[in-house]
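Here is the structure we will look at.
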Amino acid sequence: MHIKIIEETDIAKVVQDVMIAASEIGFNKTKQFIIATAASELARNIFVYARKGDIYIKDLNVNGRKGLEIIAEDQGPGIANVKLALEDNYSTTESLGIGLPGTKRLMDEFKIESEVGKGTRINIKKWLDL
Amino acid sequence: MVKKKEALIDVNPIHVVWEGILLLPVYGVIDSKRGQDIMESMLEKIVDTQSKVIILDILGVATVDSAVANHLIKITQATKLMGADCIISGISPAIAQTLVSLGISLGDVETQATLKDALENAFKMMDLKVIETNQAVVG
Ligand SMILES: Nc1ncnc2c1ncn2[C@@H]1O[C@H](COP(=O)(O)OP(=O)(O)O)[C@@H](O)[C@H]1O
Ligand SMILES: [Mg+2]
């Protein structure tokens, strides 16, 4: 599934679609909420820092292992210091600065690639059996 | 047509559940506009009704990500400035676990799992006591 982030209401769309996808895979209510919150953080970062971008929601089925993968991709300004951005309470705006480190804690896998002037790509996964 | 639909969704009802106690159920998606709307209408209502305790019930919110949590924290801070106390209720196990993992500390914000607990707490804060009538007769 693919959702374009263009306006703020698209973040809500991401939350809703991720909830549905997670429940169809068999994640319980708490896990659905956790994955949707992580997706919300990434979608919001796209909207706030890159203005626009894309969210992809993918079912995972690796050797019978089920899970959900979310990819957040934008061609925005990129992150100059990824290490710093992953620290708690680091924000270049006046928000809480826990979106990225929090998302990392909420999910089982977290991968970030970012290049200044090119954009950012973040890949998160949650496994059903973990 | 679209405008009309948005206007309907944007309604944030605020209930006077008791003299001095307001209840604001927050549900669905809280974006920056909605957060601002909720804050404004609540502060106005506090003045209008001279309320002292505000219960913000978040059981029905779609997600509590860091931006939504930030809105909630700001709302409780604003109510404090107006001389009222704010209780956040409807913290489901899912919300609680997500907030902890995200790393959000609601700090000194008063929280309660259920609306019932929040109401009980609000009565206490207002020095009110709910008693069973037949017990009152015996006592
Ligand atoms: N998609 C993105 N594009 C550019 N910069 C980003 C992006 N996502 C995050 N950032 C940068 O990383 C910082 C930390 O992000 P985050 O942890 O979500 O905290 P917050 O959004 O509250 O600042 C942001 O302040 C911003 O500078
Ligand atoms: Mg963020």
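By order of appearance in the structure tokens: chains A, B, ..., then residues from 1 within every chain, and ligands from 1 in the order shown.
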
(request) May I ask you to write as a PyMOL selection string all residues lying at most 10 Å from ligand 1, with only C-alpha atoms and all ligand atoms counted? (result) (chain A and resi 41-53+72-104+112+114-122) or (chain B and resi 66-67+70)

(message) Give me, as a list in words, all polymer residues having an atom no more than 12 Å from Arg105 of chain A, counting only C-alpha atoms and skipping those fewer than 4 positions away in the same chain.
(response) Ile34, Ile35, Thr37, Ala38, Leu86, Glu87, Asp88, Ile98, Gly99, Leu100, Pro101, Glu109, Phe110, Ile124, Lys125 and Lys126 of chain A; Gln97, Thr98, Leu99, Val100, Ser101, Leu102, Gly103 and Ile104 of chain B

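Across the model, the gap from atom CA of Val68 of chain B to atom CA of Ala96 of chain B is 13.8 Å.
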
(request) Using DSSP on the backbone, list every residue of chain A that comes out as helix (DSSP H, G or I), and give them as a ChimeraX atom specification. (result) /A:9-25,29-50,82-85,99-106

(request) Excluding Ile73 of chain B and residues on its chain fewer than 3 positions from it, collect all residues at most 12 Å away from it, counting only C-alpha atoms, and give them as an MDAnalysis selection string. (result) (chainID A and resid 95:96) or (chainID B and resid 35 39 56 64 66:70 76:80 86:88 104:111)

Distance table requested - segment 51-122 of chain B against segment 19-28 of chain B, cut-off 6 Å, only C-alpha atoms: one row per qualifying residue with the closest atom pair and its distance in Å to one decimal, ordered by chain and rising residue number, as JSON lines.
{"residue": "B:Ser51", "atom": "CA", "partner": "B:Gly20", "partner_atom": "CA", "distance": 3.8}
{"residue": "B:Lys52", "atom": "CA", "partner": "B:Gly20", "partner_atom": "CA", "distance": 5.3}
{"residue": "B:Val53", "atom": "CA", "partner": "B:Ile21", "partner_atom": "CA", "distance": 4.9}
{"residue": "B:Ile54", "atom": "CA", "partner": "B:Leu22", "partner_atom": "CA", "distance": 4.8}
{"residue": "B:Ile55", "atom": "CA", "partner": "B:Leu23", "partner_atom": "CA", "distance": 4.8}
{"residue": "B:Leu56", "atom": "CA", "partner": "B:Leu24", "partner_atom": "CA", "distance": 5.0}
{"residue": "B:Asp57", "atom": "CA", "partner": "B:Pro25", "partner_atom": "CA", "distance": 4.6}
{"residue": "B:Ile58", "atom": "CA", "partner": "B:Val26", "partner_atom": "CA", "distance": 5.1}
{"residue": "B:Gly60", "atom": "CA", "partner": "B:Tyr27", "partner_atom": "CA", "distance": 4.2}
{"residue": "B:Val61", "atom": "CA", "partner": "B:Tyr27", "partner_atom": "CA", "distance": 4.1}
{"residue": "B:Ala62", "atom": "CA", "partner": "B:Gly28", "partner_atom": "CA", "distance": 4.9}

Go ahead and save the picked residues with N, CA, C and O atoms, as a PDB file, in the first residue's frame.
ATOM      1  N   SER B  51     -15.006  26.895  36.010  1.00  0.00           N
ATOM      2  CA  SER B  51     -14.699  25.541  36.441  1.00  0.00           C
ATOM      3  C   SER B  51     -13.317  25.454  37.060  1.00  0.00           C
ATOM      4  O   SER B  51     -12.424  26.229  36.755  1.00  0.00           O
ATOM      5  N   LYS B  52     -13.152  24.477  37.936  1.00  0.00           N
ATOM      6  CA  LYS B  52     -11.891  24.302  38.656  1.00  0.00           C
ATOM      7  C   LYS B  52     -11.166  23.019  38.271  1.00  0.00           C
ATOM      8  O   LYS B  52      -9.967  22.898  38.475  1.00  0.00           O
ATOM      9  N   VAL B  53     -11.929  22.040  37.783  1.00  0.00           N
ATOM     10  CA  VAL B  53     -11.301  20.782  37.384  1.00  0.00           C
ATOM     11  C   VAL B  53     -11.741  20.412  35.961  1.00  0.00           C
ATOM     12  O   VAL B  53     -12.927  20.456  35.637  1.00  0.00           O
ATOM     13  N   ILE B  54     -10.771  20.056  35.123  1.00  0.00           N
ATOM     14  CA  ILE B  54     -11.047  19.680  33.744  1.00  0.00           C
ATOM     15  C   ILE B  54     -10.604  18.246  33.527  1.00  0.00           C
ATOM     16  O   ILE B  54      -9.463  17.898  33.822  1.00  0.00           O
ATOM     17  N   ILE B  55     -11.506  17.436  33.019  1.00  0.00           N
ATOM     18  CA  ILE B  55     -11.132  16.062  32.683  1.00  0.00           C
ATOM     19  C   ILE B  55     -11.015  15.942  31.174  1.00  0.00           C
ATOM     20  O   ILE B  55     -11.954  16.230  30.435  1.00  0.00           O
ATOM     21  N   LEU B  56      -9.826  15.547  30.734  1.00  0.00           N
ATOM     22  CA  LEU B  56      -9.579  15.352  29.301  1.00  0.00           C
ATOM     23  C   LEU B  56      -9.559  13.847  29.067  1.00  0.00           C
ATOM     24  O   LEU B  56      -8.611  13.172  29.467  1.00  0.00           O
ATOM     25  N   ASP B  57     -10.606  13.309  28.469  1.00  0.00           N
ATOM     26  CA  ASP B  57     -10.666  11.857  28.274  1.00  0.00           C
ATOM     27  C   ASP B  57     -10.159  11.504  26.883  1.00  0.00           C
ATOM     28  O   ASP B  57     -10.757  11.880  25.879  1.00  0.00           O
ATOM     29  N   ILE B  58      -9.038  10.758  26.814  1.00  0.00           N
ATOM     30  CA  ILE B  58      -8.395  10.513  25.514  1.00  0.00           C
ATOM     31  C   ILE B  58      -8.576   9.078  25.021  1.00  0.00           C
ATOM     32  O   ILE B  58      -7.886   8.639  24.116  1.00  0.00           O
ATOM     33  N   GLY B  60     -10.621   7.749  23.118  1.00  0.00           N
ATOM     34  CA  GLY B  60     -10.981   7.589  21.709  1.00  0.00           C
ATOM     35  C   GLY B  60     -10.008   8.177  20.699  1.00  0.00           C
ATOM     36  O   GLY B  60     -10.322   8.255  19.518  1.00  0.00           O
ATOM     37  N   VAL B  61      -8.824   8.567  21.134  1.00  0.00           N
ATOM     38  CA  VAL B  61      -7.906   9.147  20.152  1.00  0.00           C
ATOM     39  C   VAL B  61      -7.290   8.069  19.272  1.00  0.00           C
ATOM     40  O   VAL B  61      -7.099   6.937  19.701  1.00  0.00           O
ATOM     41  N   ALA B  62      -7.021   8.434  18.025  1.00  0.00           N
ATOM     42  CA  ALA B  62      -6.490   7.476  17.058  1.00  0.00           C
ATOM     43  C   ALA B  62      -5.072   7.053  17.434  1.00  0.00           C
ATOM     44  O   ALA B  62      -4.746   5.871  17.442  1.00  0.00           O
TER      45      ALA B  62
END

(request) Identify all residues of chain A in strand (DSSP E) (DSSP on the backbone) and supply them as a ChimeraX atom specification. (result) /A:2-5,53-62,65-74,109-115,119-127

(request) Identify which of the residues A:Ile5, A:Val14, A:Leu68, A:Ala39 lies closest to ligand 2, counting only C-alpha atoms and all ligand atoms when measuring atom-to-atom distances. (result) A:Ala39

(request) Select, from B:Asp65, B:Glu40, B:Glu132, B:Asp48, the residue with the minimum atom-to-atom distance to chain A, counting only C-alpha atoms. (result) B:Asp65

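Among the candidates B:Val29, B:Ile75, B:Ile14, B:Leu119, the residue lying nearest to chain A is B:Val29 (atoms considered: only C-alpha atoms).
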
(message) Here is a test: counting only C-alpha atoms, which residue of A:Lys31, A:Lys66, A:Lys58, A:Lys111 is nearest to chain B?
(response)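 Looking at the shortest contact to chain B, the residue is A:Lys31.
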